[in-house]
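Worksheet: one structure, shown below.
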Amino acid sequence: MFHLVLAACLAAQPATCQSRLLPAGDAPTRQDCELRAGPVASDWLARHPDLTGSGPVRCVETGELPALTAQEVAPGIHVHQGAMAQVSTQNGGRIANLSFVIGDTVAVIDAGGSRAEGEALYAAIRQVTDKPVSHLILTHMHPDHILGAEVFSEAGASIVADARLPEAVARRAQSWMMSTPRQIGAAAFAGTRIAAVDQRVEAPQMLSLGDRELQLTPVPSAHTGSDMTVLDQETGTLFTGDLVFLGLTPSLDGSLAGWLDWIATPPDPMPALIVPGHGPVMEDWDEAVAPERQYLTALRDASRKAIGAGLPLSRAIPAIVVAMQPAAEGWADFRATTARNAAAAYAELEWE
Ligand SMILES: [Zn+2]
């Protein structure tokens, strides 16, 4: 397969340029790709006024595209494991686990933290299969999981998410579009836009890839207020999104009580594989959730204690971080994330 690659520079910073992959230009031969390249590129640029084209567009073979590395962890299940850190200019925002499931069509599970990461995930898929990408499933609203979504929309996929996600994203989108370029670098962020959700999931439902079925299950407020799990029935692989963190400190942006409830209710049937939102793929449910259960329980207990002692929020946050310190081992970005979690837990538990 051949792919259309456009050199584009930031209109506001003309020296900041990057290559953009435009899936709408995919073609079976170089000649087909080149025939359509001009109109596809100008149409795309018209919809991305923050960028200007620079030099001629190119048509390149799949193997020449920069691609994420992904492992096939079960038949037809491919997982890219993100960097074990908070987003930074060093990692370009590429911290979330991203997966794809190959049936008669392909479903992608989470899209990455920028347009560039979405493109590199798309290239990784195209290295393995030419099948149509029919769906992009977003496990929850966080930017490290959703900002690459527009690439898949342009590739023809339907974007599927929990029914609560669009409103949650809309409330935060403006702030993310301002802050993310500073966090991950303007070049890494170039061309990134928020994509619209096409299918809103309100209740458990099946999603068909032809010969393969995925079960989508919305979850009451836990890690966020828009969490949804995905179960591949054929292999028993459960994609939890950020309902399961391993190695990177869990971040609370929904309900601490709800999250502990979710952990306390093992899935039925038990999954054969658990793909967390951050950290390695696991085979055992209890092992997968034990570190996070311990962390969140300690957060709840330390927050209750600070509230019980009558500490105001400003003094409660450092007190909670200090009380949590014995639970720090094995968690990346412990202090900064725990301080934010302490504020969220305090606000939730204050009226308990
Ligand atoms: Zn998250």
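Chains: A, B, ... in order of the structure tokens. Residues: from 1 per chain. Ligands: from 1, in order shown.
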
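For ligand 1, the neighbouring protein, DNA and RNA residues, which are those within 10 Å when only C-alpha atoms and all ligand atoms are counted, are Ala96, Thr139, His140, Met141, His142, Pro143, Asp144, His145, Ile146, His223, Thr224, Ser226, Asp227, Gly241, Asp242, Leu243, Val244, Phe245, Pro250, Ser251, Leu252, Asp253, Gly254, Gly277 and His278 of chain A.
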
**Message:** I need the residues of region 38-272 of chain A that end up classed as strand (DSSP E or B) by DSSP on the backbone, written out as a VMD selection string.
**Reply:** chain A and resid 51 to 53 58 to 61 71 to 74 77 to 80 98 to 102 106 to 109 133 to 138 158 to 162 199 to 201 205 to 208 213 to 218 228 to 232 237 to 245 248

Could you give me, as a Markdown table, every region 45-90 of chain A residue with an atom at most 9 Å from region 175-188 of chain A, plus its closest atom pair and distance in Å to one decimal, counting only C-alpha atoms, rows ordered by chain then number?
```
| residue | atom | partner | partner_atom | distance |
| --- | --- | --- | --- | --- |
| A:Val87 | CA | A:Ile184 | CA | 6.4 |
| A:Ser88 | CA | A:Ile184 | CA | 4.9 |
| A:Thr89 | CA | A:Ile184 | CA | 4.1 |
| A:Gln90 | CA | A:Ile184 | CA | 7.4 |
```

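Nearest residue to Thr69 (chain A) among A:Arg335, A:Arg30, A:Arg94, A:Lys131 is A:Arg94, counting only C-alpha atoms.
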
For Val322 (chain A), list every protein, DNA or RNA residue within 12 Å, evaluated using only C-alpha atoms, and leave out those in the same chain fewer than 2 positions away; present the list as a CSV table (one decimal) with all heavy atoms, in the first residue's frame.
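Final file, result-v1.csv:
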```
chain,number,residue,atom,x,y,z
A,298,ALA,N,-4.9,3.3,50.1
A,298,ALA,CA,-4.0,4.2,50.9
A,298,ALA,C,-4.4,5.6,50.7
A,298,ALA,O,-4.5,6.4,51.7
A,298,ALA,CB,-2.6,4.0,50.6
A,299,LEU,N,-4.8,6.0,49.5
A,299,LEU,CA,-5.2,7.4,49.2
A,299,LEU,C,-6.5,7.7,50.0
A,299,LEU,O,-6.7,8.7,50.6
A,299,LEU,CB,-5.4,7.5,47.7
A,299,LEU,CG,-6.0,8.9,47.2
A,299,LEU,CD1,-5.0,10.0,47.5
A,299,LEU,CD2,-6.3,8.8,45.7
A,302,ALA,N,-5.7,7.9,53.8
A,302,ALA,CA,-5.0,9.1,54.2
A,302,ALA,C,-5.8,10.3,54.0
A,302,ALA,O,-5.7,11.3,54.8
A,302,ALA,CB,-3.7,9.2,53.3
A,303,SER,N,-6.7,10.3,53.0
A,303,SER,CA,-7.6,11.5,52.8
A,303,SER,C,-8.6,11.6,53.9
A,303,SER,O,-8.9,12.7,54.5
A,303,SER,CB,-8.3,11.4,51.5
A,303,SER,OG,-7.3,11.3,50.4
A,306,ALA,N,-6.9,13.0,57.0
A,306,ALA,CA,-6.7,14.4,56.9
A,306,ALA,C,-8.0,15.2,57.1
A,306,ALA,O,-8.0,16.3,57.8
A,306,ALA,CB,-6.0,14.8,55.6
A,315,ARG,N,-3.4,22.3,53.5
A,315,ARG,CA,-2.5,21.5,54.4
A,315,ARG,C,-2.8,20.0,54.3
A,315,ARG,O,-1.9,19.2,54.5
A,315,ARG,CB,-2.7,21.9,55.9
A,315,ARG,CG,-2.1,23.3,56.2
A,315,ARG,CD,-2.3,23.7,57.6
A,315,ARG,NE,-1.9,22.8,58.6
A,315,ARG,CZ,-2.4,22.6,59.8
A,315,ARG,NH1,-3.4,23.4,60.2
A,315,ARG,NH2,-1.9,21.7,60.6
A,316,ALA,N,-4.0,19.7,53.8
A,316,ALA,CA,-4.3,18.2,53.7
A,316,ALA,C,-3.5,17.6,52.5
A,316,ALA,O,-3.0,16.5,52.6
A,316,ALA,CB,-5.8,18.1,53.4
A,317,ILE,N,-3.3,18.4,51.4
A,317,ILE,CA,-2.6,17.8,50.3
A,317,ILE,C,-1.2,17.3,50.6
A,317,ILE,O,-0.9,16.1,50.5
A,317,ILE,CB,-2.6,18.8,49.1
A,317,ILE,CG1,-4.0,18.9,48.5
A,317,ILE,CG2,-1.6,18.2,48.0
A,317,ILE,CD1,-4.2,20.0,47.5
A,318,PRO,N,-0.3,18.2,51.2
A,318,PRO,CA,1.0,17.7,51.6
A,318,PRO,C,0.9,16.6,52.7
A,318,PRO,O,1.7,15.6,52.6
A,318,PRO,CB,1.8,18.9,52.1
A,318,PRO,CG,0.8,20.0,52.3
A,318,PRO,CD,-0.4,19.6,51.4
A,319,ALA,N,0.0,16.7,53.6
A,319,ALA,CA,-0.1,15.6,54.6
A,319,ALA,C,-0.5,14.3,54.0
A,319,ALA,O,0.0,13.2,54.4
A,319,ALA,CB,-1.2,16.0,55.6
A,320,ILE,N,-1.4,14.3,53.0
A,320,ILE,CA,-1.8,13.1,52.3
A,320,ILE,C,-0.6,12.5,51.5
A,320,ILE,O,-0.3,11.3,51.6
A,320,ILE,CB,-3.0,13.3,51.4
A,320,ILE,CG1,-4.2,13.6,52.2
A,320,ILE,CG2,-3.3,12.0,50.5
A,320,ILE,CD1,-5.4,14.2,51.4
A,324,MET,N,1.1,8.9,52.2
A,324,MET,CA,1.2,7.9,51.1
A,324,MET,C,2.5,7.4,50.8
A,324,MET,O,2.7,6.4,50.1
A,324,MET,CB,0.6,8.6,49.9
A,324,MET,CG,-0.9,8.9,49.9
A,324,MET,SD,-1.9,7.4,49.6
A,324,MET,CE,-1.5,7.1,47.9
A,325,GLN,N,3.6,8.1,51.3
A,325,GLN,CA,5.0,7.8,50.9
A,325,GLN,C,5.3,6.4,51.0
A,325,GLN,O,6.0,5.8,50.1
A,325,GLN,CB,5.9,8.7,51.7
A,325,GLN,CG,7.3,8.9,51.0
A,325,GLN,CD,7.2,9.5,49.6
A,325,GLN,OE1,6.5,10.5,49.4
A,325,GLN,NE2,8.0,9.0,48.7
A,326,PRO,N,4.9,5.6,52.0
A,326,PRO,CA,5.3,4.2,52.1
A,326,PRO,C,4.7,3.4,50.9
A,326,PRO,O,5.2,2.3,50.6
A,326,PRO,CB,4.6,3.7,53.4
A,326,PRO,CG,4.5,5.0,54.2
A,326,PRO,CD,4.3,6.1,53.3
A,327,ALA,N,3.7,3.9,50.2
A,327,ALA,CA,3.1,3.2,49.1
A,327,ALA,C,3.8,3.7,47.7
A,327,ALA,O,3.3,3.3,46.7
A,327,ALA,CB,1.6,3.5,49.0
A,328,ALA,N,4.9,4.5,47.8
A,328,ALA,CA,5.4,5.1,46.6
A,328,ALA,C,6.2,4.1,45.7
A,328,ALA,O,6.3,4.3,44.5
A,328,ALA,CB,6.3,6.3,47.0
A,334,PHE,N,5.2,9.6,41.2
A,334,PHE,CA,4.4,9.5,42.4
A,334,PHE,C,4.0,10.8,43.0
A,334,PHE,O,2.8,11.0,43.3
A,334,PHE,CB,5.2,8.6,43.4
A,334,PHE,CG,4.4,8.4,44.7
A,334,PHE,CD1,3.5,7.4,44.8
A,334,PHE,CD2,4.6,9.2,45.8
A,334,PHE,CE1,2.8,7.2,46.0
A,334,PHE,CE2,3.9,9.1,46.9
A,334,PHE,CZ,3.0,8.0,47.0
A,335,ARG,N,5.0,11.7,43.3
A,335,ARG,CA,4.6,12.9,44.1
A,335,ARG,C,3.7,13.8,43.4
A,335,ARG,O,2.6,14.2,44.0
A,335,ARG,CB,5.9,13.7,44.4
A,335,ARG,CG,6.8,13.1,45.5
A,335,ARG,CD,7.8,14.1,46.0
A,335,ARG,NE,7.3,15.2,46.7
A,335,ARG,CZ,7.1,15.1,48.0
A,335,ARG,NH1,7.3,14.1,48.7
A,335,ARG,NH2,6.6,16.2,48.6
A,338,THR,N,0.2,12.1,43.0
A,338,THR,CA,-0.4,11.9,44.2
A,338,THR,C,-1.0,13.2,44.8
A,338,THR,O,-2.0,13.2,45.4
A,338,THR,CB,0.5,11.2,45.2
A,338,THR,OG1,0.9,9.9,44.7
A,338,THR,CG2,-0.1,10.9,46.6
A,339,ALA,N,-0.2,14.3,44.6
A,339,ALA,CA,-0.7,15.6,45.1
A,339,ALA,C,-2.0,16.0,44.4
A,339,ALA,O,-3.0,16.4,45.1
A,339,ALA,CB,0.3,16.7,44.9
A,342,ALA,N,-4.7,13.7,45.8
A,342,ALA,CA,-5.1,14.1,47.1
A,342,ALA,C,-6.2,15.2,47.1
A,342,ALA,O,-7.2,15.2,47.8
A,342,ALA,CB,-3.9,14.6,47.9
```

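If you look at CA of Glu117 (chain A) and CA of Gln71 (chain A), they are 16.5 Å away from each other.
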
**Request:** Considering only C-alpha atoms, state which residue in the set A:Met282, A:Gln294, A:Leu68, A:Val219 is at the smallest distance from Thr265 (chain A).
**Result:** A:Val219
